[in-house]
file final.pdb (PDB, C-alpha atoms, pLDDT in the B column)
ATOM      1  CA  VAL A   6     -31.363  60.076 -10.164  1.00 97.00           C
ATOM      2  CA  PHE A   7     -31.223  58.943  -6.535  1.00 97.00           C
ATOM      3  CA  ILE A   8     -28.692  56.174  -5.940  1.00 97.00           C
ATOM      4  CA  ASP A   9     -27.526  53.988  -3.064  1.00 95.00           C
ATOM      5  CA  THR A  10     -23.773  54.549  -2.837  1.00 96.00           C
ATOM      6  CA  THR A  11     -22.986  52.327   0.164  1.00 94.00           C
ATOM      7  CA  PRO A  12     -22.788  49.086  -1.840  1.00 94.00           C
ATOM      8  CA  MET A  13     -20.491  50.811  -4.349  1.00 96.00           C
ATOM      9  CA  ILE A  14     -17.828  51.001  -1.646  1.00 96.00           C
ATOM     10  CA  GLU A  15     -15.977  47.755  -1.048  1.00 95.00           C
ATOM     11  CA  LYS A  16     -15.283  48.244   2.671  1.00 93.00           C
ATOM     12  CA  TYR A  17     -19.033  48.451   3.353  1.00 93.00           C
ATOM     13  CA  ARG A  18     -19.804  45.395   1.241  1.00 91.00           C
ATOM     14  CA  LYS A  19     -17.167  43.388   3.113  1.00 91.00           C
ATOM     15  CA  ASP A  20     -18.290  44.362   6.630  1.00 90.00           C
ATOM     16  CA  ASN A  21     -21.358  42.124   6.931  1.00 85.00           C
ATOM     17  CA  GLU A  22     -21.728  42.695  10.665  1.00 89.00           C
ATOM     18  CA  VAL A  23     -21.956  46.491  10.563  1.00 90.00           C
ATOM     19  CA  TYR A  24     -23.434  46.907   7.049  1.00 89.00           C
ATOM     20  CA  PRO A  25     -25.349  43.665   6.339  1.00 88.00           C
ATOM     21  CA  ASP A  26     -27.568  45.253   3.668  1.00 90.00           C
ATOM     22  CA  ALA A  27     -24.626  46.544   1.604  1.00 89.00           C
ATOM     23  CA  ALA A  28     -23.317  43.038   0.995  1.00 86.00           C
ATOM     24  CA  LEU A  29     -26.742  41.887  -0.192  1.00 89.00           C
ATOM     25  CA  GLN A  30     -27.071  44.579  -2.853  1.00 91.00           C
ATOM     26  CA  ASP A  31     -26.278  43.901  -6.494  1.00 93.00           C
ATOM     27  CA  VAL A  32     -23.853  46.649  -7.520  1.00 94.00           C
ATOM     28  CA  LYS A  33     -23.823  45.478 -11.134  1.00 95.00           C
ATOM     29  CA  ALA A  34     -27.622  45.703 -11.322  1.00 96.00           C
ATOM     30  CA  GLN A  35     -27.576  49.212  -9.848  1.00 96.00           C
ATOM     31  CA  THR A  36     -24.860  50.448 -12.226  1.00 97.00           C
ATOM     32  CA  GLU A  37     -26.745  48.941 -15.171  1.00 98.00           C
ATOM     33  CA  TRP A  38     -29.868  50.775 -13.985  1.00 98.00           C
ATOM     34  CA  ILE A  39     -27.934  54.059 -13.629  1.00 98.00           C
ATOM     35  CA  ASP A  40     -26.475  53.532 -17.105  1.00 98.00           C
ATOM     36  CA  SER A  41     -29.944  52.977 -18.607  1.00 98.00           C
ATOM     37  CA  VAL A  42     -31.455  55.987 -16.809  1.00 98.00           C
ATOM     38  CA  LEU A  43     -28.639  58.294 -17.923  1.00 98.00           C
ATOM     39  CA  ALA A  44     -28.844  56.929 -21.473  1.00 98.00           C
ATOM     40  CA  SER A  45     -32.514  57.880 -21.696  1.00 97.00           C
ATOM     41  CA  ALA A  46     -32.341  61.136 -19.685  1.00 97.00           C
ATOM     42  CA  HIS A  47     -33.342  64.102 -21.831  1.00 94.00           C
ATOM     43  CA  GLU A  48     -34.618  66.373 -19.068  1.00 95.00           C
ATOM     44  CA  ASP A  49     -33.520  69.998 -18.818  1.00 96.00           C
ATOM     45  CA  TRP A  50     -31.247  69.113 -15.885  1.00 97.00           C
ATOM     46  CA  VAL A  51     -29.779  65.789 -14.786  1.00 98.00           C
ATOM     47  CA  LEU A  52     -28.610  65.402 -11.191  1.00 98.00           C
ATOM     48  CA  ILE A  53     -27.360  62.358  -9.355  1.00 98.00           C
ATOM     49  CA  ILE A  54     -27.967  62.332  -5.617  1.00 98.00           C
ATOM     50  CA  GLY A  55     -26.018  59.900  -3.443  1.00 97.00           C
ATOM     51  CA  HIS A  56     -24.583  59.711   0.030  1.00 96.00           C
ATOM     52  CA  HIS A  57     -20.839  59.300  -0.594  1.00 96.00           C
ATOM     53  CA  PRO A  58     -18.696  61.789  -2.541  1.00 97.00           C
ATOM     54  CA  VAL A  59     -16.897  61.144  -5.797  1.00 97.00           C
ATOM     55  CA  TYR A  60     -14.505  64.000  -4.993  1.00 97.00           C
ATOM     56  CA  ALA A  61     -14.027  65.668  -1.608  1.00 96.00           C
ATOM     57  CA  GLN A  62     -11.445  66.759   0.904  1.00 96.00           C
ATOM     58  CA  THR A  63     -11.867  64.623   3.989  1.00 92.00           C
ATOM     59  CA  SER A  64      -9.998  62.688   6.628  1.00 87.00           C
ATOM     60  CA  LYS A  65     -12.122  59.648   5.754  1.00 86.00           C
ATOM     61  CA  SER A  66     -10.459  56.829   3.838  1.00 85.00           C
ATOM     62  CA  ASP A  67      -9.399  57.587   0.252  1.00 93.00           C
ATOM     63  CA  THR A  68     -10.698  54.144  -0.700  1.00 95.00           C
ATOM     64  CA  GLU A  69     -14.291  55.411  -0.457  1.00 95.00           C
ATOM     65  CA  ARG A  70     -13.711  58.056  -3.134  1.00 97.00           C
ATOM     66  CA  ARG A  71     -11.577  55.750  -5.264  1.00 97.00           C
ATOM     67  CA  ASP A  72     -14.384  53.166  -5.248  1.00 97.00           C
ATOM     68  CA  MET A  73     -16.920  55.859  -6.200  1.00 97.00           C
ATOM     69  CA  GLN A  74     -14.614  57.086  -8.959  1.00 97.00           C
ATOM     70  CA  ALA A  75     -14.182  53.537 -10.271  1.00 97.00           C
ATOM     71  CA  THR A  76     -17.889  52.674 -10.131  1.00 97.00           C
ATOM     72  CA  LEU A  77     -19.879  55.850 -10.798  1.00 97.00           C
ATOM     73  CA  LEU A  78     -17.541  58.253 -12.584  1.00 96.00           C
ATOM     74  CA  PRO A  79     -17.218  56.146 -15.774  1.00 96.00           C
ATOM     75  CA  LEU A  80     -21.027  56.231 -16.163  1.00 96.00           C
ATOM     76  CA  ILE A  81     -21.113  59.984 -15.663  1.00 95.00           C
ATOM     77  CA  ARG A  82     -18.364  60.482 -18.226  1.00 93.00           C
ATOM     78  CA  LYS A  83     -19.946  58.045 -20.681  1.00 95.00           C
ATOM     79  CA  HIS A  84     -23.222  59.934 -20.926  1.00 94.00           C
ATOM     80  CA  ARG A  85     -21.950  63.506 -20.425  1.00 93.00           C
ATOM     81  CA  ASN A  86     -25.426  64.741 -19.483  1.00 95.00           C
ATOM     82  CA  VAL A  87     -25.032  64.985 -15.711  1.00 97.00           C
ATOM     83  CA  ASP A  88     -25.041  68.563 -14.439  1.00 97.00           C
ATOM     84  CA  MET A  89     -24.457  67.907 -10.727  1.00 98.00           C
ATOM     85  CA  TYR A  90     -23.544  65.104  -8.390  1.00 98.00           C
ATOM     86  CA  VAL A  91     -24.806  66.015  -4.900  1.00 98.00           C
ATOM     87  CA  CYS A  92     -23.949  64.103  -1.748  1.00 97.00           C
ATOM     88  CA  GLY A  93     -23.365  64.407   1.984  1.00 94.00           C
ATOM     89  CA  HIS A  94     -21.340  62.066   4.233  1.00 94.00           C
ATOM     90  CA  ILE A  95     -18.497  64.513   4.941  1.00 93.00           C
ATOM     91  CA  HIS A  96     -20.531  67.053   6.982  1.00 94.00           C
ATOM     92  CA  ASN A  97     -19.274  70.258   5.397  1.00 96.00           C
ATOM     93  CA  PHE A  98     -19.888  72.269   2.244  1.00 97.00           C
ATOM     94  CA  GLN A  99     -17.740  71.586  -0.815  1.00 98.00           C
ATOM     95  CA  HIS A 100     -18.122  72.606  -4.463  1.00 98.00           C
ATOM     96  CA  ILE A 101     -15.590  70.885  -6.718  1.00 98.00           C
ATOM     97  CA  ARG A 102     -15.027  70.952 -10.476  1.00 97.00           C
ATOM     98  CA  ARG A 103     -12.400  68.605 -11.868  1.00 94.00           C
ATOM     99  CA  GLY A 104     -11.074  68.334 -15.389  1.00 82.00           C
ATOM    100  CA  ASN A 105     -13.321  69.165 -18.300  1.00 85.00           C
ATOM    101  CA  ASP A 106     -16.310  67.068 -17.221  1.00 83.00           C
ATOM    102  CA  GLY A 107     -18.448  70.186 -16.780  1.00 91.00           C
ATOM    103  CA  ILE A 108     -19.989  68.649 -13.670  1.00 96.00           C
ATOM    104  CA  ASP A 109     -20.456  70.381 -10.347  1.00 98.00           C
ATOM    105  CA  PHE A 110     -19.610  67.958  -7.536  1.00 98.00           C
ATOM    106  CA  VAL A 111     -21.361  69.165  -4.389  1.00 98.00           C
ATOM    107  CA  VAL A 112     -20.972  68.026  -0.806  1.00 97.00           C
ATOM    108  CA  ASN A 113     -23.813  69.283   1.354  1.00 95.00           C
ATOM    109  CA  SER A 114     -23.222  70.133   4.991  1.00 90.00           C
ATOM    110  CA  ALA A 115     -25.376  68.963   7.877  1.00 83.00           C
ATOM    111  CA  GLY A 116     -27.782  70.860  10.052  1.00 76.00           C
ATOM    112  CA  SER A 117     -26.012  69.636  13.165  1.00 78.00           C
ATOM    113  CA  LEU A 118     -22.540  68.101  13.103  1.00 82.00           C
ATOM    114  CA  ALA A 119     -20.122  69.954  10.823  1.00 88.00           C
ATOM    115  CA  ARG A 120     -16.468  69.128  10.175  1.00 92.00           C
ATOM    116  CA  SER A 121     -13.446  71.172   9.182  1.00 94.00           C
ATOM    117  CA  VAL A 122     -12.492  71.300   5.512  1.00 96.00           C
ATOM    118  CA  ALA A 123      -9.649  72.561   3.329  1.00 94.00           C
ATOM    119  CA  ALA A 124      -9.379  73.113  -0.389  1.00 95.00           C
ATOM    120  CA  THR A 125      -8.440  70.152  -2.558  1.00 95.00           C
ATOM    121  CA  GLU A 126      -7.866  69.730  -6.285  1.00 95.00           C
ATOM    122  CA  GLY A 127     -10.702  71.438  -8.129  1.00 96.00           C
ATOM    123  CA  THR A 128     -12.185  73.224  -5.108  1.00 98.00           C
ATOM    124  CA  VAL A 129     -14.364  76.170  -6.091  1.00 98.00           C
ATOM    125  CA  PHE A 130     -15.693  76.674  -2.553  1.00 98.00           C
ATOM    126  CA  CYS A 131     -15.561  74.957   0.820  1.00 98.00           C
ATOM    127  CA  SER A 132     -16.826  75.776   4.290  1.00 97.00           C
ATOM    128  CA  PRO A 133     -17.077  73.974   7.646  1.00 96.00           C
ATOM    129  CA  GLU A 134     -20.338  75.765   8.483  1.00 94.00           C
ATOM    130  CA  PRO A 135     -23.372  73.687   9.408  1.00 95.00           C
ATOM    131  CA  GLY A 136     -26.373  74.305   7.195  1.00 95.00           C
ATOM    132  CA  PHE A 137     -28.304  73.010   4.216  1.00 95.00           C
ATOM    133  CA  SER A 138     -28.685  73.492   0.487  1.00 96.00           C
ATOM    134  CA  VAL A 139     -31.618  74.734  -1.554  1.00 97.00           C
ATOM    135  CA  LEU A 140     -31.990  73.592  -5.132  1.00 97.00           C
ATOM    136  CA  THR A 141     -34.169  75.419  -7.668  1.00 97.00           C
ATOM    137  CA  ALA A 142     -34.622  74.698 -11.328  1.00 97.00           C
ATOM    138  CA  THR A 143     -36.386  76.157 -14.326  1.00 96.00           C
ATOM    139  CA  PRO A 144     -35.920  74.995 -17.914  1.00 96.00           C
ATOM    140  CA  GLU A 145     -33.333  77.760 -18.326  1.00 96.00           C
ATOM    141  CA  LYS A 146     -31.510  77.794 -14.967  1.00 97.00           C
ATOM    142  CA  LEU A 147     -30.339  75.377 -12.262  1.00 98.00           C
ATOM    143  CA  SER A 148     -29.276  76.885  -8.943  1.00 98.00           C
ATOM    144  CA  LEU A 149     -27.957  75.335  -5.742  1.00 98.00           C
ATOM    145  CA  SER A 150     -27.555  77.667  -2.770  1.00 98.00           C
ATOM    146  CA  MET A 151     -25.494  76.647   0.249  1.00 97.00           C
ATOM    147  CA  VAL A 152     -27.117  78.196   3.303  1.00 96.00           C
ATOM    148  CA  ASP A 153     -25.444  78.445   6.711  1.00 95.00           C
ATOM    149  CA  LYS A 154     -27.177  78.036  10.082  1.00 93.00           C
ATOM    150  CA  THR A 155     -28.084  81.736  10.188  1.00 95.00           C
ATOM    151  CA  GLY A 156     -29.919  81.515   6.870  1.00 96.00           C
ATOM    152  CA  THR A 157     -27.198  83.308   4.900  1.00 97.00           C
ATOM    153  CA  VAL A 158     -26.390  82.041   1.410  1.00 98.00           C
ATOM    154  CA  ILE A 159     -22.639  81.470   1.586  1.00 98.00           C
ATOM    155  CA  HIS A 160     -22.154  80.023  -1.909  1.00 98.00           C
ATOM    156  CA  LYS A 161     -24.296  79.645  -5.003  1.00 98.00           C
ATOM    157  CA  ILE A 162     -23.826  77.398  -8.008  1.00 98.00           C
ATOM    158  CA  GLU A 163     -25.714  78.472 -11.114  1.00 98.00           C
ATOM    159  CA  ARG A 164     -25.941  76.692 -14.426  1.00 97.00           C
ATOM    160  CA  THR A 165     -27.749  78.045 -17.449  1.00 96.00           C
ATOM    161  CA  HIS A 166     -28.622  76.486 -20.759  1.00 85.00           C
ATOM    162  CA  LYS A 167     -26.963  78.239 -23.647  1.00 64.00           C
TER     163      LYS A 167
END
call {"tool": "encode", "arguments": {"input": "final.pdb", "output": "structure tokens"}}
result
Amino acid sequence: VFIDTTPMIEKYRKDNEVYPDAALQDVKAQTEWIDSVLASAHEDWVLIIGHHPVYAQTSKSDTERRDMQATLLPLIRKHRNVDMYVCGHIHNFQHIRRGNDGIDFVVNSAGSLARSVAATEGTVFCSPEPGFSVLTATPEKLSLSMVDKTGTVIHKIERTHK
């Protein structure tokens, strides 16, 4: 499920000069669409892909994550069928698991600019290395590999159906 996270964050919606499209988007319509897609999702694996993190360690404003947690997290928790939420925005690698949601929250690095990172609540892995992620899926197994700029897998997330 690919989503547009920018309008979910209030500071972007309010800054019409820099982010004119964010203010024009209907957040309620998008969240209703996400809700309906998750309600009918019966695939082997359900992933949500967005730009902004729900959880992450970053020097960026906490309001971004709080807005994502207020807007998107209730839908994820309601349906309990999301395996991963994958995003970027922070420019480092992070793998976070919080509470008993059973969801892997993944921040993907960037192939160019990379930023420092430290562990935060729920951190399983973090790295400031530039790179990319590779996602593979079969009906039995979902795997996300974080790959650094040398091509080395530096962290792997694997989920299997029981």
call {"tool": "closest_residue", "arguments": {"input": "final.pdb", "among": "A:Pro12, A:Pro25, A:Gly136, A:Gly55", "to": "A:Leu118", "atoms": "all atoms listed in the file"}}
result
A:Gly136
call {"tool": "axis_aligned_box", "arguments": {"input": "final.pdb", "around": "stretch 153-157 of chain A", "padding_each_side": "5 Å", "output": "lines of an AutoDock Vina configuration file"}}
result
center_x = -27.7
center_y = 80.7
center_z = 7.5
size_x = 14.5
size_y = 15.3
size_z = 15.3
call {"tool": "resolve_selection", "arguments": {"input": "final.pdb", "expression": "the PyMOL selection byres ((chain A and resi 31) around 12)", "output": "list in words"}}
result
Asp9, Thr10, Thr11, Pro12, Met13, Arg18, Asp26, Ala27, Ala28, Leu29, Gln30, Val32, Lys33, Ala34, Gln35, Thr36, Glu37 and Trp38 of chain A
call {"tool": "residues_near_point", "arguments": {"input": "final.pdb", "point": "(-27.9, 71.3, -8.6)", "cutoff": "12 Å", "atoms": "all atoms listed in the file", "output": "VMD selection string"}}
result
chain A and resid 6 49 to 54 87 to 92 100 108 to 113 138 to 143 146 to 151 161 to 165
call {"tool": "atom_distance", "arguments": {"input": "final.pdb", "atom1": "atom CA of A:Thr68", "atom2": "atom CA of A:Ala124"}}
result
19.0 Å
call {"tool": "resolve_selection", "arguments": {"input": "final.pdb", "expression": "the PyMOL selection byres ((chain A and resi 125) around 9)", "output": "list in words"}}
result
Tyr60, Ala61, Gln62, Ile101, Ala123, Ala124, Glu126, Gly127 and Thr128 of chain A
call {"tool": "atom_distance", "arguments": {"input": "final.pdb", "atom1": "atom CA of A:Phe98", "atom2": "atom CA of A:Phe130"}}
result
7.7 Å
call {"tool": "atom_distance", "arguments": {"input": "final.pdb", "atom1": "atom CA of A:Gly116", "atom2": "atom CA of A:Pro135"}}
result
5.3 Å
call {"tool": "residues_around", "arguments": {"input": "final.pdb", "residues": "A:Pro133", "least_positions_apart": "2", "cutoff": "8 Å", "atoms": "only C-alpha atoms", "output": "list of chain:residue names"}}
result
A:His96, A:Asn97, A:Phe98, A:Ser114, A:Ala119, A:Arg120, A:Ser121, A:Val122, A:Cys131, A:Pro135
call {"tool": "closest_residue", "arguments": {"input": "final.pdb", "among": "A:Ile8, A:Lys65, A:Thr76, A:Asn86", "to": "A:Ser45", "atoms": "all atoms listed in the file"}}
result
A:Asn86
call {"tool": "resolve_selection", "arguments": {"input": "final.pdb", "expression": "the PyMOL selection byres ((chain A and resi 154) around 8)", "output": "list in words"}}
result
Gly116, Glu134, Pro135, Gly136, Phe137, Val152, Asp153, Thr155, Gly156 and Thr157 of chain A
call {"tool": "closest_residue", "arguments": {"input": "final.pdb", "among": "A:Lys19, A:His57, A:His160, A:His166", "to": "A:Glu145", "atoms": "all atoms listed in the file"}}
result
A:His166
call {"tool": "decode", "arguments": {"input": "final.pdb", "residues": "stretch 79-102 of chain A", "atoms": "N, CA and C atoms", "output": "PDB file, in the first residue's frame"}}
result
ATOM      1  N   PRO A  79      -3.161   4.410  14.203  1.00  0.00           N
ATOM      2  CA  PRO A  79      -4.448   3.808  14.585  1.00  0.00           C
ATOM      3  C   PRO A  79      -5.009   2.863  13.515  1.00  0.00           C
ATOM      4  N   LEU A  80      -4.793   3.175  12.235  1.00  0.00           N
ATOM      5  CA  LEU A  80      -5.265   2.290  11.165  1.00  0.00           C
ATOM      6  C   LEU A  80      -4.479   0.989  11.147  1.00  0.00           C
ATOM      7  N   ILE A  81      -3.177   1.098  11.349  1.00  0.00           N
ATOM      8  CA  ILE A  81      -2.339  -0.102  11.395  1.00  0.00           C
ATOM      9  C   ILE A  81      -2.767  -0.999  12.551  1.00  0.00           C
ATOM     10  N   ARG A  82      -2.978  -0.396  13.691  1.00  0.00           N
ATOM     11  CA  ARG A  82      -3.375  -1.181  14.878  1.00  0.00           C
ATOM     12  C   ARG A  82      -4.786  -1.746  14.748  1.00  0.00           C
ATOM     13  N   LYS A  83      -5.651  -1.026  14.082  1.00  0.00           N
ATOM     14  CA  LYS A  83      -7.040  -1.479  13.904  1.00  0.00           C
ATOM     15  C   LYS A  83      -7.087  -2.782  13.123  1.00  0.00           C
ATOM     16  N   HIS A  84      -6.316  -2.868  12.057  1.00  0.00           N
ATOM     17  CA  HIS A  84      -6.427  -4.023  11.164  1.00  0.00           C
ATOM     18  C   HIS A  84      -5.459  -5.150  11.499  1.00  0.00           C
ATOM     19  N   ARG A  85      -4.364  -4.858  12.142  1.00  0.00           N
ATOM     20  CA  ARG A  85      -3.410  -5.854  12.640  1.00  0.00           C
ATOM     21  C   ARG A  85      -2.918  -6.822  11.555  1.00  0.00           C
ATOM     22  N   ASN A  86      -2.924  -6.382  10.302  1.00  0.00           N
ATOM     23  CA  ASN A  86      -2.441  -7.254   9.235  1.00  0.00           C
ATOM     24  C   ASN A  86      -1.229  -6.684   8.510  1.00  0.00           C
ATOM     25  N   VAL A  87      -0.701  -5.578   9.009  1.00  0.00           N
ATOM     26  CA  VAL A  87       0.457  -4.948   8.383  1.00  0.00           C
ATOM     27  C   VAL A  87       1.727  -5.602   8.924  1.00  0.00           C
ATOM     28  N   ASP A  88       2.565  -6.073   8.007  1.00  0.00           N
ATOM     29  CA  ASP A  88       3.821  -6.709   8.406  1.00  0.00           C
ATOM     30  C   ASP A  88       4.956  -5.703   8.548  1.00  0.00           C
ATOM     31  N   MET A  89       5.018  -4.738   7.617  1.00  0.00           N
ATOM     32  CA  MET A  89       6.086  -3.738   7.636  1.00  0.00           C
ATOM     33  C   MET A  89       5.545  -2.378   7.223  1.00  0.00           C
ATOM     34  N   TYR A  90       6.109  -1.358   7.842  1.00  0.00           N
ATOM     35  CA  TYR A  90       5.951   0.011   7.358  1.00  0.00           C
ATOM     36  C   TYR A  90       7.351   0.450   6.948  1.00  0.00           C
ATOM     37  N   VAL A  91       7.531   0.796   5.679  1.00  0.00           N
ATOM     38  CA  VAL A  91       8.849   1.137   5.136  1.00  0.00           C
ATOM     39  C   VAL A  91       8.818   2.580   4.652  1.00  0.00           C
ATOM     40  N   CYS A  92       9.836   3.338   5.034  1.00  0.00           N
ATOM     41  CA  CYS A  92       9.895   4.742   4.649  1.00  0.00           C
ATOM     42  C   CYS A  92      11.337   5.178   4.416  1.00  0.00           C
ATOM     43  N   GLY A  93      11.516   6.449   4.179  1.00  0.00           N
ATOM     44  CA  GLY A  93      12.836   7.041   3.994  1.00  0.00           C
ATOM     45  C   GLY A  93      12.936   8.284   4.846  1.00  0.00           C
ATOM     46  N   HIS A  94      13.154   9.433   4.241  1.00  0.00           N
ATOM     47  CA  HIS A  94      13.132  10.760   4.843  1.00  0.00           C
ATOM     48  C   HIS A  94      14.310  11.052   5.772  1.00  0.00           C
ATOM     49  N   ILE A  95      14.752  10.100   6.555  1.00  0.00           N
ATOM     50  CA  ILE A  95      15.767  10.361   7.576  1.00  0.00           C
ATOM     51  C   ILE A  95      17.187  10.157   7.035  1.00  0.00           C
ATOM     52  N   HIS A  96      17.341   9.412   5.960  1.00  0.00           N
ATOM     53  CA  HIS A  96      18.641   9.176   5.320  1.00  0.00           C
ATOM     54  C   HIS A  96      19.604   8.371   6.184  1.00  0.00           C
ATOM     55  N   ASN A  97      19.108   7.315   6.769  1.00  0.00           N
ATOM     56  CA  ASN A  97      19.927   6.300   7.428  1.00  0.00           C
ATOM     57  C   ASN A  97      19.088   5.028   7.522  1.00  0.00           C
ATOM     58  N   PHE A  98      19.711   3.964   7.980  1.00  0.00           N
ATOM     59  CA  PHE A  98      18.986   2.702   8.156  1.00  0.00           C
ATOM     60  C   PHE A  98      18.500   2.600   9.593  1.00  0.00           C
ATOM     61  N   GLN A  99      17.226   2.246   9.765  1.00  0.00           N
ATOM     62  CA  GLN A  99      16.691   1.964  11.092  1.00  0.00           C
ATOM     63  C   GLN A  99      15.672   0.826  10.979  1.00  0.00           C
ATOM     64  N   HIS A 100      15.739  -0.083  11.940  1.00  0.00           N
ATOM     65  CA  HIS A 100      14.753  -1.162  12.076  1.00  0.00           C
ATOM     66  C   HIS A 100      14.255  -1.062  13.507  1.00  0.00           C
ATOM     67  N   ILE A 101      12.967  -0.776  13.657  1.00  0.00           N
ATOM     68  CA  ILE A 101      12.371  -0.536  14.972  1.00  0.00           C
ATOM     69  C   ILE A 101      11.165  -1.441  15.150  1.00  0.00           C
ATOM     70  N   ARG A 102      11.049  -2.004  16.347  1.00  0.00           N
ATOM     71  CA  ARG A 102       9.848  -2.750  16.754  1.00  0.00           C
ATOM     72  C   ARG A 102       9.414  -2.161  18.084  1.00  0.00           C
TER      73      ARG A 102
END
